[in-house]
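Engineer: Quick one: this structure, given as C-alpha cells, is what I'll be asking you about.
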Amino acid sequence: MKKFSVLAIAAILFAACGGQKNAQNTESADSLKSFEQQQIEASIKMHIDSIAADLGKLKQLPFVQENNGGITLTKEEKQVKPDYLLSPSVSEEAATLAEKYRILSALNVDRKIASLYEMPTEDYDKAITKLIADINDPSFKAIDDTNTVFETSTTLYDAMEENGRINFFWQLAAAALVEELYVMNQNTDKFLSVFTDEAVSDVTFRIVVILDAINRLTEYDADIKPVAEAIAPLEVLNATSVAEMKAQLAEAKDKIDAARKALVK
C-alpha cells in the first residue's frame, strides 16, 4: 500500500496478523446459508473493495512520501505525535471473541499510525500477538505475503469464509472503518485535501450501503447486532462534495466517538 489512505475499511493492516503459524482450524465453514445472506455479504464485500479502489486513485497526501517501495511521513509531520490513538491496554478489556476481533482490528490501524510517526510500537505488538493467539483463527495464515489492502481484504475474506469465520470479518471491517473515521476526524483538513467531490460522493454512498447491509445481517448473526447499533448513526455521512463532507464530519464527531467507544471496549 503506497498511499496512507484512511477509510480503506476492511483490512487496512491485517497483514500484520500474518506470521502466526500455529493456529488450528477449530471450526468448519457453514454450509447452510440462505441465498439472501450470501447476497448481503457479497454486496458488503463489493463495496469494501470499491472503496479501497477509489481511494487508490487519489493523489498522495501532502505529508506522505514514498520510500523504497513503502511510505513514510515527512519530517515536519512526524514532529507532532498523535495523542488520540488507542492504548494497547484496551486489549485486556476484550471478553468475547467478537470483541477481540474488533480490538485487534482497531489496534492494527493505530499500530501502523504509531509506526509512521516513529512512536514506540512494542506494546502494540505484544497486545496484537496475544489477541491473535486468543482468537486462534487459521484464516490469518492466508495473508502472510499480501502487500496491498485490496489483496489482503479479498484473501482474508475468502479464508474466513472457508474457515467458518466470515461473521467475524464484519467485526474486523466495522472496527477498522470506525477507527479510520476517528483518525480522519482528528486531521480533517489534511485528509480531505486530496479528495474530489466525486470521490467523496462515491465513498460516502458506499459507506451508507455497507452500514445498511450490516444492519440486515443482524437477522442471521446475533453477534453483529451490537456492531450495527454502534455504527448506525454514521449514516449521516452522505456527502456529495468535499465541503459537505467536512461539515458532516464535524457534526458527526460525537457520533464517531460514541461508535468507537461502543466497538472497542
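Labels for the C-alpha cells follow display order: chains A, B, ..., residues from 1 in each chain, ligands from 1.
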Which residues are close to Ala243 (chain A), i.e. within 10 Å by only C-alpha atoms, leaving aside same-chain residues fewer than 5 positions away? Reply as number ranges by chain.
Structural biologist: A: 192, 196-197, 200, 248
Engineer: Just write the chosen residues, N, CA and C atoms, as a PDB file, in the first residue's frame.
Structural biologist:
```
ATOM      1  N   LEU A 192      -8.772  15.461   3.738  1.00  0.00           N
ATOM      2  CA  LEU A 192      -9.704  15.844   2.670  1.00  0.00           C
ATOM      3  C   LEU A 192      -9.028  16.635   1.566  1.00  0.00           C
ATOM      4  N   THR A 196     -11.688  14.563  -4.124  1.00  0.00           N
ATOM      5  CA  THR A 196     -12.510  15.325  -5.063  1.00  0.00           C
ATOM      6  C   THR A 196     -13.962  15.166  -4.638  1.00  0.00           C
ATOM      7  N   ASP A 197     -14.828  16.008  -5.178  1.00  0.00           N
ATOM      8  CA  ASP A 197     -16.251  15.871  -4.868  1.00  0.00           C
ATOM      9  C   ASP A 197     -16.763  14.493  -5.276  1.00  0.00           C
ATOM     10  N   VAL A 200     -15.602  11.817  -2.748  1.00  0.00           N
ATOM     11  CA  VAL A 200     -16.375  11.926  -1.514  1.00  0.00           C
ATOM     12  C   VAL A 200     -17.755  11.312  -1.697  1.00  0.00           C
ATOM     13  N   GLN A 248     -20.062  17.566   7.624  1.00  0.00           N
ATOM     14  CA  GLN A 248     -20.696  16.390   8.212  1.00  0.00           C
ATOM     15  C   GLN A 248     -19.782  15.697   9.217  1.00  0.00           C
TER      16      GLN A 248
END
```
Engineer: Which polymer residues have any atom within 10 Å of an atom of Glu77 (chain A), counting only C-alpha atoms, with same-chain residues fewer than 6 positions away left out, as a list in words?
Structural biologist: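 Contacts, with the query itself left out: Pro62, Phe63, Val64, Leu116 and Tyr117 of chain A.
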Engineer: Determine, using only C-alpha atoms, which residues of region 78-131 of chain A have any atom at most 9 Å from an atom of region 178-182 of chain A, and tabulate each with its shortest atom pair and distance in Å to one decimal place, rows ordered by chain and then rising number, as JSON lines.
Structural biologist:
```
{"residue": "A:Tyr84", "atom": "CA", "partner": "A:Tyr182", "partner_atom": "CA", "distance": 8.9}
{"residue": "A:Ser105", "atom": "CA", "partner": "A:Glu179", "partner_atom": "CA", "distance": 8.7}
{"residue": "A:Ala106", "atom": "CA", "partner": "A:Glu179", "partner_atom": "CA", "distance": 5.9}
{"residue": "A:Leu107", "atom": "CA", "partner": "A:Glu179", "partner_atom": "CA", "distance": 8.8}
{"residue": "A:Val109", "atom": "CA", "partner": "A:Glu179", "partner_atom": "CA", "distance": 7.2}
{"residue": "A:Asp110", "atom": "CA", "partner": "A:Glu179", "partner_atom": "CA", "distance": 8.1}
```
Engineer: For those residues, write N, CA and C atoms to a file as a PDB file, in the first residue's frame.
Structural biologist:
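Contents of the output file result35.pdb:
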```pdb
ATOM      1  N   TYR A  84      -4.233  10.668  20.123  1.00  0.00           N
ATOM      2  CA  TYR A  84      -5.599  10.157  20.100  1.00  0.00           C
ATOM      3  C   TYR A  84      -5.664   8.657  19.808  1.00  0.00           C
ATOM      4  N   SER A 105      -8.487  -5.368  15.213  1.00  0.00           N
ATOM      5  CA  SER A 105      -8.577  -4.552  14.006  1.00  0.00           C
ATOM      6  C   SER A 105      -8.202  -3.100  14.287  1.00  0.00           C
ATOM      7  N   ALA A 106      -8.776  -2.532  15.357  1.00  0.00           N
ATOM      8  CA  ALA A 106      -8.506  -1.131  15.689  1.00  0.00           C
ATOM      9  C   ALA A 106      -7.050  -0.924  16.083  1.00  0.00           C
ATOM     10  N   LEU A 107      -6.487  -1.857  16.853  1.00  0.00           N
ATOM     11  CA  LEU A 107      -5.092  -1.719  17.263  1.00  0.00           C
ATOM     12  C   LEU A 107      -4.144  -1.844  16.078  1.00  0.00           C
ATOM     13  N   VAL A 109      -4.750  -0.714  13.099  1.00  0.00           N
ATOM     14  CA  VAL A 109      -4.778   0.611  12.476  1.00  0.00           C
ATOM     15  C   VAL A 109      -3.857   1.558  13.242  1.00  0.00           C
ATOM     16  N   ASP A 110      -4.026   1.595  14.558  1.00  0.00           N
ATOM     17  CA  ASP A 110      -3.266   2.549  15.364  1.00  0.00           C
ATOM     18  C   ASP A 110      -1.789   2.175  15.459  1.00  0.00           C
TER      19      ASP A 110
END
```
Engineer: Using only C-alpha atoms, which protein or nucleic acid residues come within 12 Å of Phe168 (chain A)? Drop anything in the same chain fewer than 2 positions from it, and give the result as a PyMOL selection string.
Structural biologist: chain A and resi 10+41+96-105+135+137+139+156-157+159-161+163-166+170-175+214+217+221-224+227
Engineer: From a DSSP calculation on the backbone, collect every residue of region 13-254 of chain A in helix (DSSP H, G or I) and output the set as a PyMOL selection string.
Structural biologist: chain A and resi 14-17+35-56+75-78+88-93+97-116+122-135+138-143+149-162+166-186+188-192+197-217+222-236+242-251+253-254
Engineer: Between A:His47, A:Lys261, A:Lys75, A:Arg111, which one has atoms that come closest to Ala230 (chain A), using only C-alpha atoms?
Structural biologist: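 The closest residue to Ala230 (chain A) is A:Lys261.
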Engineer: For Val203 (chain A), which residue among A:Ser91, A:Ser50, A:Asn215, A:Thr155 is the nearest when counting only C-alpha atoms?
Structural biologist: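 Checking each candidate against Val203 (chain A), we get A:Ser50 as the closest.
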Engineer: When distances are computed from only C-alpha atoms, which of A:Ile128, A:Leu237, A:Ala262, A:Val80 shows the smallest separation from Val208 (chain A)?
Structural biologist: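 That would be A:Leu237, the residue with the smallest distance to Val208 (chain A).
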